[in-house]
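Trainee: My structure file query-v1.cif, mmCIF, C-alpha atoms, is below:
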```
data_data
#
loop_
_atom_site.label_atom_id
_atom_site.label_comp_id
_atom_site.auth_asym_id
_atom_site.auth_seq_id
_atom_site.Cartn_x
_atom_site.Cartn_y
_atom_site.Cartn_z
CA MET A 4 -26.85 -46.63 24.73
CA PHE A 5 -23.53 -47.93 23.43
CA SER A 6 -22.38 -51.51 23.90
CA PRO A 7 -20.68 -52.34 27.25
CA LEU A 8 -17.07 -52.21 25.99
CA ILE A 9 -17.61 -48.80 24.38
CA GLU A 10 -19.29 -47.52 27.57
CA ASP A 11 -16.28 -48.78 29.56
CA LEU A 12 -13.92 -46.96 27.21
CA ILE A 13 -15.89 -43.70 27.46
CA ARG A 14 -15.90 -43.98 31.28
CA ALA A 15 -12.14 -44.65 31.31
CA LEU A 16 -11.43 -41.65 29.04
CA ARG A 17 -13.32 -39.39 31.45
CA CYS A 18 -10.56 -39.90 34.02
CA LEU A 19 -8.34 -37.67 31.85
CA PRO A 20 -8.13 -34.08 33.11
CA GLY A 21 -10.32 -31.66 31.15
CA VAL A 22 -12.33 -34.45 29.49
CA GLY A 23 -16.09 -34.41 30.12
CA PRO A 24 -18.75 -36.85 28.91
CA LYS A 25 -19.06 -35.29 25.43
CA SER A 26 -15.32 -35.17 24.78
CA ALA A 27 -14.86 -38.71 26.08
CA GLN A 28 -17.55 -39.92 23.68
CA ARG A 29 -15.99 -38.03 20.79
CA MET A 30 -12.57 -39.49 21.62
CA ALA A 31 -13.92 -43.05 21.85
CA MET A 32 -15.74 -42.70 18.52
CA TYR A 33 -12.68 -41.18 16.87
CA LEU A 34 -10.37 -43.93 18.10
CA LEU A 35 -12.72 -46.76 17.14
CA GLU A 36 -13.88 -45.28 13.84
CA LYS A 37 -10.83 -43.56 12.46
CA ASP A 38 -7.65 -44.61 14.18
CA ARG A 39 -7.47 -48.03 15.82
CA ASP A 40 -3.70 -48.13 15.38
CA ALA A 41 -3.37 -45.00 17.49
CA ALA A 42 -5.71 -46.50 20.10
CA GLY A 43 -3.59 -49.65 20.31
CA LEU A 44 -0.43 -47.56 20.58
CA LEU A 45 -1.97 -45.42 23.31
CA ALA A 46 -3.00 -48.55 25.23
CA SER A 47 0.51 -49.99 25.11
CA SER A 48 2.20 -46.64 25.91
CA LEU A 49 -0.03 -46.27 28.96
CA GLN A 50 0.66 -49.82 30.08
CA GLN A 51 4.42 -49.38 29.67
CA ALA A 52 4.48 -46.02 31.43
CA VAL A 53 2.33 -47.19 34.35
CA GLU A 54 4.51 -50.26 34.87
CA LYS A 55 7.94 -48.77 34.40
CA VAL A 56 7.98 -45.05 35.19
CA GLY A 57 9.15 -44.36 38.74
CA ARG A 58 11.10 -41.57 40.36
CA CYS A 59 14.73 -40.57 39.89
CA THR A 60 16.59 -41.51 43.08
CA ARG A 61 18.48 -38.18 43.00
CA CYS A 62 15.86 -35.56 42.11
CA ARG A 63 12.57 -37.48 42.39
CA THR A 64 11.34 -36.45 38.93
CA LEU A 65 9.40 -39.02 36.89
CA THR A 66 11.63 -41.34 34.88
CA GLU A 67 11.96 -45.04 34.09
CA GLN A 68 15.70 -44.84 34.74
CA GLU A 69 17.42 -45.17 38.12
CA ILE A 70 18.87 -41.67 37.73
CA CYS A 71 17.27 -39.27 35.24
CA ALA A 72 18.98 -37.76 32.20
CA LEU A 73 19.23 -34.33 33.85
CA CYS A 74 20.94 -35.62 37.02
CA ASN A 75 23.26 -37.73 34.87
CA ASN A 76 24.27 -34.82 32.64
CA SER A 77 27.80 -33.76 33.58
CA ARG A 78 27.43 -30.53 31.57
CA ARG A 79 24.83 -29.18 34.02
CA ASP A 80 25.95 -27.08 36.97
CA HIS A 81 25.81 -29.54 39.88
CA ALA A 82 26.31 -26.73 42.43
CA LEU A 83 22.85 -25.24 41.69
CA LEU A 84 19.69 -26.99 42.85
CA CYS A 85 16.20 -25.76 42.02
CA VAL A 86 13.28 -27.02 44.13
CA VAL A 87 9.96 -27.34 42.28
CA GLU A 88 6.57 -28.85 43.11
CA THR A 89 5.97 -31.04 40.06
CA PRO A 90 7.79 -32.69 37.11
CA ALA A 91 5.79 -30.38 34.82
CA ASP A 92 7.53 -27.42 36.52
CA VAL A 93 10.89 -28.93 35.56
CA LEU A 94 9.74 -28.98 31.94
CA ALA A 95 8.50 -25.38 32.08
CA ILE A 96 11.87 -24.19 33.42
CA GLU A 97 13.80 -26.30 30.91
CA GLN A 98 11.74 -24.82 28.09
CA ALA A 99 12.61 -21.30 29.27
CA GLY A 100 16.17 -22.48 28.69
CA ASN A 101 18.32 -20.22 30.86
CA TYR A 102 18.75 -22.42 33.95
CA HIS A 103 21.56 -24.96 33.79
CA GLY A 104 21.59 -26.45 37.27
CA LEU A 105 19.82 -29.50 38.69
CA TYR A 106 16.32 -29.95 40.11
CA PHE A 107 14.61 -31.44 43.11
CA VAL A 108 10.93 -32.37 42.72
CA LEU A 109 8.72 -32.30 45.84
CA HIS A 110 5.62 -33.85 44.21
CA GLY A 111 3.43 -31.46 46.20
CA HIS A 112 3.80 -28.97 49.03
CA LEU A 113 3.56 -29.01 52.82
CA SER A 114 -0.08 -29.12 53.85
CA PRO A 115 -0.60 -30.19 57.48
CA ILE A 116 -4.39 -30.00 57.04
CA ASP A 117 -4.19 -32.75 54.38
CA GLY A 118 -1.62 -34.70 56.40
CA VAL A 119 1.24 -33.86 54.04
CA GLY A 120 4.39 -33.51 56.14
CA PRO A 121 8.09 -32.98 55.28
CA ALA A 122 8.77 -36.68 54.63
CA ASP A 123 5.83 -36.90 52.15
CA ILE A 124 7.42 -34.28 49.90
CA GLY A 125 10.89 -35.84 50.17
CA LEU A 126 12.47 -33.26 52.45
CA ASP A 127 14.46 -36.06 54.14
CA VAL A 128 15.97 -36.93 50.73
CA LEU A 129 16.60 -33.22 50.08
CA GLY A 130 18.25 -32.88 53.51
CA GLU A 131 20.66 -35.72 52.71
CA ARG A 132 21.33 -34.19 49.32
CA LEU A 133 22.19 -30.83 50.86
CA GLY A 134 24.47 -32.60 53.34
CA GLU A 135 26.48 -34.31 50.58
CA ARG A 136 29.99 -33.01 50.12
CA GLN A 137 32.03 -32.74 46.98
CA GLN A 138 34.30 -35.72 46.44
CA GLY A 139 37.76 -35.21 48.01
CA ASP A 140 36.62 -31.93 49.48
CA GLU A 141 35.74 -32.71 53.09
CA GLN A 142 36.22 -29.20 54.45
CA GLU A 143 34.36 -27.18 51.83
CA GLY A 144 30.78 -27.83 53.01
CA SER A 145 27.90 -28.91 50.75
CA ALA A 146 28.41 -29.67 47.06
CA ILE A 147 25.35 -27.45 46.52
CA LYS A 148 26.28 -23.76 46.55
CA GLU A 149 22.85 -22.30 45.94
CA LEU A 150 19.35 -23.60 46.48
CA ILE A 151 16.76 -21.86 44.28
CA ILE A 152 13.22 -22.34 45.54
CA ALA A 153 10.59 -22.26 42.79
CA THR A 154 7.51 -23.58 44.59
CA ASN A 155 4.25 -21.98 43.51
CA PRO A 156 3.30 -18.58 44.99
CA THR A 157 0.33 -20.04 46.92
CA VAL A 158 -0.05 -20.09 50.71
CA GLU A 159 1.20 -23.70 50.89
CA GLY A 160 3.94 -23.08 48.33
CA GLU A 161 5.24 -20.09 50.33
CA ALA A 162 5.13 -22.04 53.60
CA THR A 163 7.03 -24.89 51.96
CA ALA A 164 9.59 -22.40 50.62
CA GLN A 165 10.12 -20.90 54.10
CA PHE A 166 10.48 -24.34 55.67
CA ILE A 167 13.08 -25.49 53.13
CA ALA A 168 14.93 -22.15 53.27
CA GLU A 169 15.40 -22.38 57.06
CA ARG A 170 16.80 -25.90 56.82
CA ALA A 171 19.17 -25.02 54.00
CA ARG A 172 20.42 -21.86 55.71
CA ALA A 173 21.14 -23.96 58.85
CA LYS A 174 23.51 -26.00 56.66
CA GLY A 175 25.18 -22.82 55.44
CA ILE A 176 23.80 -23.00 51.90
CA ALA A 177 22.76 -19.84 50.05
CA VAL A 178 19.01 -19.88 49.42
CA SER A 179 17.05 -17.82 46.91
CA ARG A 180 13.45 -17.61 45.74
CA ILE A 181 12.48 -16.93 42.11
CA ALA A 182 10.92 -13.48 41.57
CA HIS A 183 7.16 -13.04 41.49
CA GLY A 184 5.44 -10.00 39.97
CA VAL A 185 4.00 -8.66 36.73
CA PRO A 186 4.74 -11.13 33.88
CA ILE A 187 7.00 -9.85 31.09
CA GLY A 188 4.78 -8.56 28.29
CA GLY A 189 1.85 -8.31 30.71
CA GLU A 190 -0.23 -5.13 30.83
CA LEU A 191 -0.86 -3.65 34.28
CA GLU A 192 -4.49 -3.10 33.36
CA TYR A 193 -5.12 -6.84 33.23
CA ILE A 194 -3.00 -7.98 36.20
CA ASP A 195 -4.85 -9.14 39.33
CA GLY A 196 -4.61 -7.12 42.53
CA GLY A 197 -2.65 -9.72 44.51
CA THR A 198 0.09 -9.84 41.91
CA LEU A 199 0.26 -6.04 41.66
CA ALA A 200 0.45 -5.66 45.44
CA HIS A 201 3.27 -8.21 45.53
CA ALA A 202 5.03 -6.42 42.67
CA PHE A 203 4.96 -3.14 44.62
CA ASN A 204 6.15 -4.75 47.86
CA SER A 205 8.99 -6.55 46.08
CA ARG A 206 10.13 -3.55 44.00
CA THR A 207 13.87 -3.37 43.32
CA VAL A 208 16.10 -0.30 43.34
CA LEU A 209 16.94 1.05 39.87
CA MET B 27 13.10 -33.37 28.12
CA PHE B 28 11.13 -36.20 29.72
CA SER B 29 12.33 -39.79 29.73
CA PRO B 30 11.57 -41.87 26.58
CA LEU B 31 8.52 -43.73 27.98
CA ILE B 32 6.89 -40.48 29.11
CA GLU B 33 7.63 -38.87 25.73
CA ASP B 34 6.02 -41.90 24.04
CA LEU B 35 2.95 -41.54 26.25
CA ILE B 36 2.63 -37.81 25.50
CA ARG B 37 2.97 -38.50 21.76
CA ALA B 38 0.32 -41.24 21.97
CA LEU B 39 -2.10 -38.98 23.88
CA ARG B 40 -1.80 -36.35 21.13
CA CYS B 41 -3.64 -38.69 18.77
CA LEU B 42 -6.83 -37.96 20.73
CA PRO B 43 -9.06 -35.36 19.03
CA GLY B 44 -8.77 -31.90 20.60
CA VAL B 45 -5.59 -32.74 22.50
CA GLY B 46 -2.54 -30.59 21.71
CA PRO B 47 0.99 -30.83 23.10
CA LYS B 48 0.19 -28.96 26.35
CA SER B 49 -2.94 -30.97 27.14
CA ALA B 50 -1.18 -34.24 26.31
CA GLN B 51 1.61 -33.33 28.71
CA ARG B 52 -0.87 -32.37 31.41
CA MET B 53 -2.76 -35.65 30.91
CA ALA B 54 0.43 -37.73 31.08
CA MET B 55 1.57 -35.98 34.27
CA TYR B 56 -1.86 -36.36 35.83
CA LEU B 57 -2.07 -40.07 35.05
CA LEU B 58 1.46 -40.83 36.26
CA GLU B 59 1.40 -38.56 39.31
CA LYS B 60 -2.14 -38.79 40.58
CA ASP B 61 -4.04 -41.70 39.13
CA ARG B 62 -2.11 -44.74 37.94
CA ASP B 63 -5.11 -46.99 38.53
CA ALA B 64 -7.14 -44.94 36.08
CA ALA B 65 -4.26 -45.08 33.59
CA GLY B 66 -4.12 -48.88 33.86
CA LEU B 67 -7.88 -49.09 33.45
CA LEU B 68 -7.79 -46.82 30.42
CA ALA B 69 -5.04 -48.95 28.86
CA SER B 70 -7.04 -52.16 29.30
CA SER B 71 -10.33 -50.56 28.16
CA LEU B 72 -8.62 -49.33 25.00
CA GLN B 73 -7.05 -52.71 24.36
CA GLN B 74 -10.36 -54.53 24.85
CA ALA B 75 -12.31 -52.09 22.70
CA VAL B 76 -9.77 -52.13 19.86
CA GLU B 77 -9.70 -55.93 19.83
CA LYS B 78 -13.39 -56.69 20.23
CA VAL B 79 -15.55 -53.83 18.97
CA GLY B 80 -16.75 -54.41 15.43
CA ARG B 81 -19.90 -53.51 13.52
CA CYS B 82 -23.43 -54.77 14.01
CA THR B 83 -24.24 -57.01 11.02
CA ARG B 84 -27.72 -55.46 10.78
CA CYS B 85 -27.19 -51.71 11.24
CA ARG B 86 -23.39 -51.35 11.07
CA THR B 87 -23.14 -49.37 14.32
CA LEU B 88 -20.16 -50.04 16.59
CA THR B 89 -20.69 -52.97 18.96
CA GLU B 90 -18.82 -56.02 20.21
CA GLN B 91 -21.92 -58.13 19.69
CA GLU B 92 -22.97 -59.82 16.43
CA ILE B 93 -26.21 -57.83 16.43
CA CYS B 94 -26.44 -54.67 18.54
CA ALA B 95 -28.85 -54.10 21.43
CA LEU B 96 -31.00 -51.69 19.37
CA CYS B 97 -31.49 -54.13 16.47
CA ASN B 98 -32.20 -56.91 18.96
CA ASN B 99 -34.82 -54.90 20.84
CA SER B 100 -38.26 -56.25 19.91
CA ARG B 101 -39.94 -53.20 21.48
CA ARG B 102 -38.53 -50.88 18.79
CA ASP B 103 -40.55 -50.22 15.64
CA HIS B 104 -38.87 -52.47 13.05
CA ALA B 105 -40.80 -50.81 10.20
CA LEU B 106 -38.92 -47.51 10.62
CA LEU B 107 -35.28 -47.19 9.56
CA CYS B 108 -33.22 -44.06 10.10
CA VAL B 109 -30.03 -43.62 8.05
CA VAL B 110 -27.23 -41.70 9.80
CA GLU B 111 -23.58 -41.01 9.04
CA THR B 112 -21.93 -42.05 12.32
CA PRO B 113 -22.58 -44.07 15.51
CA ALA B 114 -22.40 -40.75 17.43
CA ASP B 115 -25.46 -39.62 15.43
CA VAL B 116 -27.33 -42.70 16.71
CA LEU B 117 -26.54 -41.60 20.26
CA ALA B 118 -27.64 -38.01 19.62
CA ILE B 119 -31.01 -39.21 18.27
CA GLU B 120 -31.43 -41.73 21.11
CA GLN B 121 -30.76 -38.99 23.64
CA ALA B 122 -33.48 -36.82 22.06
CA GLY B 123 -35.69 -39.79 22.91
CA ASN B 124 -38.67 -39.52 20.55
CA TYR B 125 -37.59 -41.90 17.79
CA HIS B 126 -38.37 -45.55 18.35
CA GLY B 127 -37.35 -47.20 15.10
CA LEU B 128 -34.08 -48.77 14.02
CA TYR B 129 -30.94 -47.25 12.52
CA PHE B 130 -28.54 -47.80 9.67
CA VAL B 131 -25.06 -46.33 10.03
CA LEU B 132 -23.17 -45.36 6.85
CA HIS B 133 -19.83 -44.58 8.56
CA GLY B 134 -19.35 -41.64 6.21
CA HIS B 135 -21.00 -40.22 3.10
CA LEU B 136 -20.63 -40.58 -0.66
CA SER B 137 -17.57 -38.65 -1.80
CA PRO B 138 -16.36 -39.65 -5.28
CA ILE B 139 -13.44 -37.22 -5.01
CA ASP B 140 -12.10 -39.21 -2.04
CA GLY B 141 -12.93 -42.52 -3.69
CA VAL B 142 -15.85 -43.24 -1.36
CA GLY B 143 -18.51 -45.07 -3.37
CA PRO B 144 -21.85 -46.71 -2.45
CA ALA B 145 -20.23 -49.99 -1.30
CA ASP B 146 -17.87 -48.13 1.07
CA ILE B 147 -20.78 -46.69 3.02
CA GLY B 148 -22.64 -50.01 3.09
CA LEU B 149 -25.36 -49.17 0.56
CA ASP B 150 -25.23 -52.78 -0.69
CA VAL B 151 -26.11 -53.94 2.85
CA LEU B 152 -28.82 -51.27 3.05
CA GLY B 153 -30.21 -52.39 -0.33
CA GLU B 154 -30.52 -55.99 0.90
CA ARG B 155 -32.10 -54.74 4.10
CA LEU B 156 -34.72 -52.74 2.17
CA GLY B 157 -35.42 -55.82 0.04
CA GLU B 158 -36.14 -58.01 3.06
CA ARG B 159 -39.75 -59.00 3.51
CA GLN B 160 -41.69 -59.59 6.67
CA GLN B 161 -41.78 -63.25 7.66
CA GLY B 162 -44.79 -65.07 6.19
CA ASP B 163 -45.76 -61.96 4.26
CA GLU B 164 -44.43 -62.52 0.72
CA GLN B 165 -46.85 -60.18 -1.06
CA GLU B 166 -46.65 -57.13 1.21
CA GLY B 167 -43.33 -55.69 0.00
CA SER B 168 -40.48 -54.56 2.26
CA ALA B 169 -40.60 -55.00 6.03
CA ILE B 170 -39.45 -51.36 6.19
CA LYS B 171 -42.35 -48.96 5.71
CA GLU B 172 -40.46 -45.68 6.02
CA LEU B 173 -36.84 -44.75 5.52
CA ILE B 174 -35.87 -41.55 7.39
CA ILE B 175 -32.66 -40.01 6.07
CA ALA B 176 -30.70 -38.07 8.69
CA THR B 177 -27.36 -37.55 6.95
CA ASN B 178 -25.70 -34.20 7.71
CA PRO B 179 -26.88 -31.11 5.77
CA THR B 180 -23.55 -30.78 3.93
CA VAL B 181 -23.03 -31.06 0.17
CA GLU B 182 -21.91 -34.70 0.50
CA GLY B 183 -24.60 -35.49 3.05
CA GLU B 184 -27.32 -34.11 0.74
CA ALA B 185 -25.93 -36.01 -2.26
CA THR B 186 -25.90 -39.20 -0.20
CA ALA B 187 -29.47 -38.56 0.92
CA GLN B 188 -30.64 -38.09 -2.70
CA PHE B 189 -28.84 -41.24 -3.83
CA ILE B 190 -30.38 -43.38 -1.07
CA ALA B 191 -33.82 -41.82 -1.56
CA GLU B 192 -33.91 -42.73 -5.26
CA ARG B 193 -32.98 -46.35 -4.55
CA ALA B 194 -35.54 -46.69 -1.76
CA ARG B 195 -38.33 -45.11 -3.82
CA ALA B 196 -37.51 -47.61 -6.62
CA LYS B 197 -38.34 -50.36 -4.12
CA GLY B 198 -41.63 -48.64 -3.25
CA ILE B 199 -40.57 -47.54 0.22
CA ALA B 200 -41.66 -44.16 1.62
CA VAL B 201 -38.62 -41.91 2.12
CA SER B 202 -38.35 -38.81 4.28
CA ARG B 203 -35.61 -36.39 5.29
CA ILE B 204 -35.40 -34.83 8.77
CA ALA B 205 -36.18 -31.09 8.81
CA HIS B 206 -33.40 -28.52 8.69
CA GLY B 207 -33.86 -24.91 9.75
CA VAL B 208 -33.64 -22.59 12.73
CA PRO B 209 -32.89 -24.64 15.89
CA ILE B 210 -35.58 -24.61 18.60
CA GLY B 211 -34.66 -21.91 21.12
CA GLY B 212 -32.33 -20.31 18.56
CA GLU B 213 -32.50 -16.56 17.97
CA LEU B 214 -32.73 -15.44 14.35
CA GLU B 215 -30.14 -12.75 15.05
CA TYR B 216 -27.45 -15.38 15.63
CA ILE B 217 -28.37 -17.88 12.90
CA ASP B 218 -26.09 -18.11 9.86
CA GLY B 219 -27.34 -17.03 6.44
CA GLY B 220 -27.30 -20.51 4.88
CA THR B 221 -29.56 -21.90 7.61
CA LEU B 222 -31.94 -18.91 7.38
CA ALA B 223 -32.16 -19.20 3.59
CA HIS B 224 -32.94 -22.92 3.95
CA ALA B 225 -35.54 -22.15 6.62
CA PHE B 226 -37.33 -19.72 4.25
CA ASN B 227 -37.20 -22.11 1.29
CA SER B 228 -38.53 -24.99 3.39
CA ARG B 229 -41.30 -23.01 5.12
CA THR B 230 -44.44 -24.96 5.93
CA VAL B 231 -48.07 -23.85 5.62
CA LEU B 232 -49.68 -22.81 8.91
#
```
Would you write the structure of this file as structure tokens?
Mentor:
Amino acid sequence: MFSPLIEDLIRALRCLPGVGPKSAQRMAMYLLEKDRDAAGLLASSLQQAVEKVGRCTRCRTLTEQEICALCNNSRRDHALLCVVETPADVLAIEQAGNYHGLYFVLHGHLSPIDGVGPADIGLDVLGERLGERQQGDEQEGSAIKELIIATNPTVEGEATAQFIAERARAKGIAVSRIAHGVPIGGELEYIDGGTLAHAFNSRTVL
Amino acid sequence: MFSPLIEDLIRALRCLPGVGPKSAQRMAMYLLEKDRDAAGLLASSLQQAVEKVGRCTRCRTLTEQEICALCNNSRRDHALLCVVETPADVLAIEQAGNYHGLYFVLHGHLSPIDGVGPADIGLDVLGERLGERQQGDEQEGSAIKELIIATNPTVEGEATAQFIAERARAKGIAVSRIAHGVPIGGELEYIDGGTLAHAFNSRTVL
């Protein structure tokens, strides 16, 4: 219906998450009709990001630098390490604003059925990291004092958490898991059964 | 929070209609984490479209060709011309599938308050088009027998329709306006008052 280049653009826009045929068409029309500068800028941003963004060699988050800004920040607590599944999780925790340690990004979770093993989610890199000692402090054990596991509360996320916890404990590092339960501000009436059951099982003494 | 290139990408994605900060972030993460090929393809499609897509010299719709596929199609009825506001309107009418004439795209509507005059919406081009005669048929008047006005039923759209209608009638061309009223399959209960009032005023004899 449209000319070939416009059809190509609409098809390419459909690869974006949450964008169906109608939205893709609306986006293509908007970019071509109203804002070609923005379209050109988007094209070059995409090109740049695809070519240059890789993973931080320390924490595996997405960055175009060798070591990301968080790992390089000396004001963060380098004795705390939080394990998350995705770079978006890092952002969510940073936006909450009360964690001041470092991160380690798995880029997924253990899933033997899909052929995702420990090496695929960087557990070899994490193992080395946990084995690192503080400079000039050969006897004190790992530079990491506490490993906080914040994988998602799904079956695979829990299995991944257990797997990492065992390995870290074997190295004598304290391991914790973030709390799961009723969200703050949530009303019990609208909370799903699984979450409520977990909240009861994980109740704390007052 | 993210590295500069990723921040740039998120900012660029926000220019898309209907994409807020959260969606833009989700899109950027998806493209970089899961589908870099698609991101590269999107970048090149955008670049190509921005550079090459212009307007059809006959109907002003978006195309990278000199004359678009619709205007070039000899199987369409070249005596019917439908005036619409945007290229997306052309698609909507084509998808309905019962119109077989040609189109003329205004790329907007008359809006003196925004400084949009007749020349800005191509009414000079439309005027020439209506003045064209069939080849070898000097006495028969315009090659266009009927002008169907399908601008949107807004204040500006109606004003534009009236303006075009007067000019076309002056050239002796039959002018019509598509019907507005209760949508087929619509329930009266859920139709807005303005549409219902219009439907009563424009009732047809049975």
Trainee: Name all residues at most 12 Å from stretch 57-65 of chain B (count all atoms listed in the file; drop same-chain ones fewer than 2 positions away) and give them as a ChimeraX atom specification.
Mentor: /A:11-12,14-20,45-58,63-67,88-91,108-111 /B:31-32,35-36,39,50-55,67-72
Trainee: Kindly provide, as AutoDock Vina command-line options, the centre and edge lengths (Å, one decimal) of an axis-aligned box around all atoms of stretch 89-107 of chain A given in the file, with 3 Å on each side.
Mentor:
```
--center_x 13.7 --center_y -26.5 --center_z 35.6 --size_x 21.8 --size_y 18.5 --size_z 21.0
```
Trainee: For the PyMOL selection byres ((chain A and resi 113) around 8), applied here, can you spell out every residue it catches as number ranges by chain?
Mentor: A: 111-112, 114-115, 119-121, 124, 159-160, 162-163
Trainee: Convert the current residue selection to file output with C-alpha atoms, as a PDB file, in the frame of the given file.
Mentor:
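The resulting file, part_24.pdb, is reproduced below:
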```pdb
ATOM      1  CA  GLY A 111       3.430 -31.460  46.200  1.00  0.00           C
ATOM      2  CA  HIS A 112       3.800 -28.970  49.030  1.00  0.00           C
ATOM      3  CA  SER A 114      -0.080 -29.120  53.850  1.00  0.00           C
ATOM      4  CA  PRO A 115      -0.600 -30.190  57.480  1.00  0.00           C
ATOM      5  CA  VAL A 119       1.240 -33.860  54.040  1.00  0.00           C
ATOM      6  CA  GLY A 120       4.390 -33.510  56.140  1.00  0.00           C
ATOM      7  CA  PRO A 121       8.090 -32.980  55.280  1.00  0.00           C
ATOM      8  CA  ILE A 124       7.420 -34.280  49.900  1.00  0.00           C
ATOM      9  CA  GLU A 159       1.200 -23.700  50.890  1.00  0.00           C
ATOM     10  CA  GLY A 160       3.940 -23.080  48.330  1.00  0.00           C
ATOM     11  CA  ALA A 162       5.130 -22.040  53.600  1.00  0.00           C
ATOM     12  CA  THR A 163       7.030 -24.890  51.960  1.00  0.00           C
TER      13      THR A 163
END
```
Trainee: For atom CA of B:Pro47 and atom CA of B:Glu33, determine how far apart the two atoms are, in Å to one decimal place.
Mentor: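 Answer for the atom CA of B:Pro47 to atom CA of B:Glu33 separation: 10.8 Å.
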Trainee: Using all atoms listed in the file, which of A:Ala72, A:Cys59, A:Leu209, A:Ala153 sits nearest chain B?
Mentor: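 Between A:Ala72, A:Cys59, A:Leu209, A:Ala153, the residue approaching chain B most closely is A:Ala72.
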Trainee: List, as a list of chain:residue names, every residue that the PyMOL selection byres ((chain A and resi 184) around 12) selects in the file provided.
Mentor: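 Output from the PyMOL selection byres ((chain A and resi 184) around 12), applied to this file: A:Pro156, A:Ile181, A:Ala182, A:His183, A:Val185, A:Pro186, A:Ile187, A:Gly188, A:Gly189, A:Glu190, A:Leu191, A:Ile194, A:Asp195, A:Gly196, A:Gly197, A:Thr198, A:Leu199, A:Ala200, A:His201, A:Ala202, A:Phe203, A:Asn204, A:Ser205, A:Arg206, A:Thr207.
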Trainee: Please produce a file of the residues just selected, as an mmCIF file, in the frame of the given file, where the atoms kept are C-alpha atoms.
Mentor:
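Contents of again_13.cif, as written:
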```cif
data_model
loop_
_atom_site.group_PDB
_atom_site.id
_atom_site.type_symbol
_atom_site.label_atom_id
_atom_site.label_comp_id
_atom_site.auth_asym_id
_atom_site.auth_seq_id
_atom_site.Cartn_x
_atom_site.Cartn_y
_atom_site.Cartn_z
ATOM 1 C CA PRO A 156 3.300 -18.580 44.990
ATOM 2 C CA ILE A 181 12.480 -16.930 42.110
ATOM 3 C CA ALA A 182 10.920 -13.480 41.570
ATOM 4 C CA HIS A 183 7.160 -13.040 41.490
ATOM 5 C CA VAL A 185 4.000 -8.660 36.730
ATOM 6 C CA PRO A 186 4.740 -11.130 33.880
ATOM 7 C CA ILE A 187 7.000 -9.850 31.090
ATOM 8 C CA GLY A 188 4.780 -8.560 28.290
ATOM 9 C CA GLY A 189 1.850 -8.310 30.710
ATOM 10 C CA GLU A 190 -0.230 -5.130 30.830
ATOM 11 C CA LEU A 191 -0.860 -3.650 34.280
ATOM 12 C CA ILE A 194 -3.000 -7.980 36.200
ATOM 13 C CA ASP A 195 -4.850 -9.140 39.330
ATOM 14 C CA GLY A 196 -4.610 -7.120 42.530
ATOM 15 C CA GLY A 197 -2.650 -9.720 44.510
ATOM 16 C CA THR A 198 0.090 -9.840 41.910
ATOM 17 C CA LEU A 199 0.260 -6.040 41.660
ATOM 18 C CA ALA A 200 0.450 -5.660 45.440
ATOM 19 C CA HIS A 201 3.270 -8.210 45.530
ATOM 20 C CA ALA A 202 5.030 -6.420 42.670
ATOM 21 C CA PHE A 203 4.960 -3.140 44.620
ATOM 22 C CA ASN A 204 6.150 -4.750 47.860
ATOM 23 C CA SER A 205 8.990 -6.550 46.080
ATOM 24 C CA ARG A 206 10.130 -3.550 44.000
ATOM 25 C CA THR A 207 13.870 -3.370 43.320
#
```
Trainee: Expressed in Å to a single decimal, how great is the separation between atom CA of A:Leu150 and atom CA of A:Arg79?
Mentor: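 So the answer is 14.7 Å.
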Trainee: What would the list of residues within 7 Å of (-30.3, -46.2, 15.3) (file frame) look like as number ranges by chain, if only C-alpha atoms are what count?
Mentor: B: 96, 108, 116, 128-130
Trainee: For this structure, which residues satisfy the selection - the PyMOL selection byres ((chain B and resi 201) around 8) - when it is evaluated on the file as given? I want them as a list in words.
Mentor: Glu172, Leu173, Ile174, Ile175, Ala191, Ala194, Arg195, Ile199, Ala200, Ser202 and Arg203 of chain B
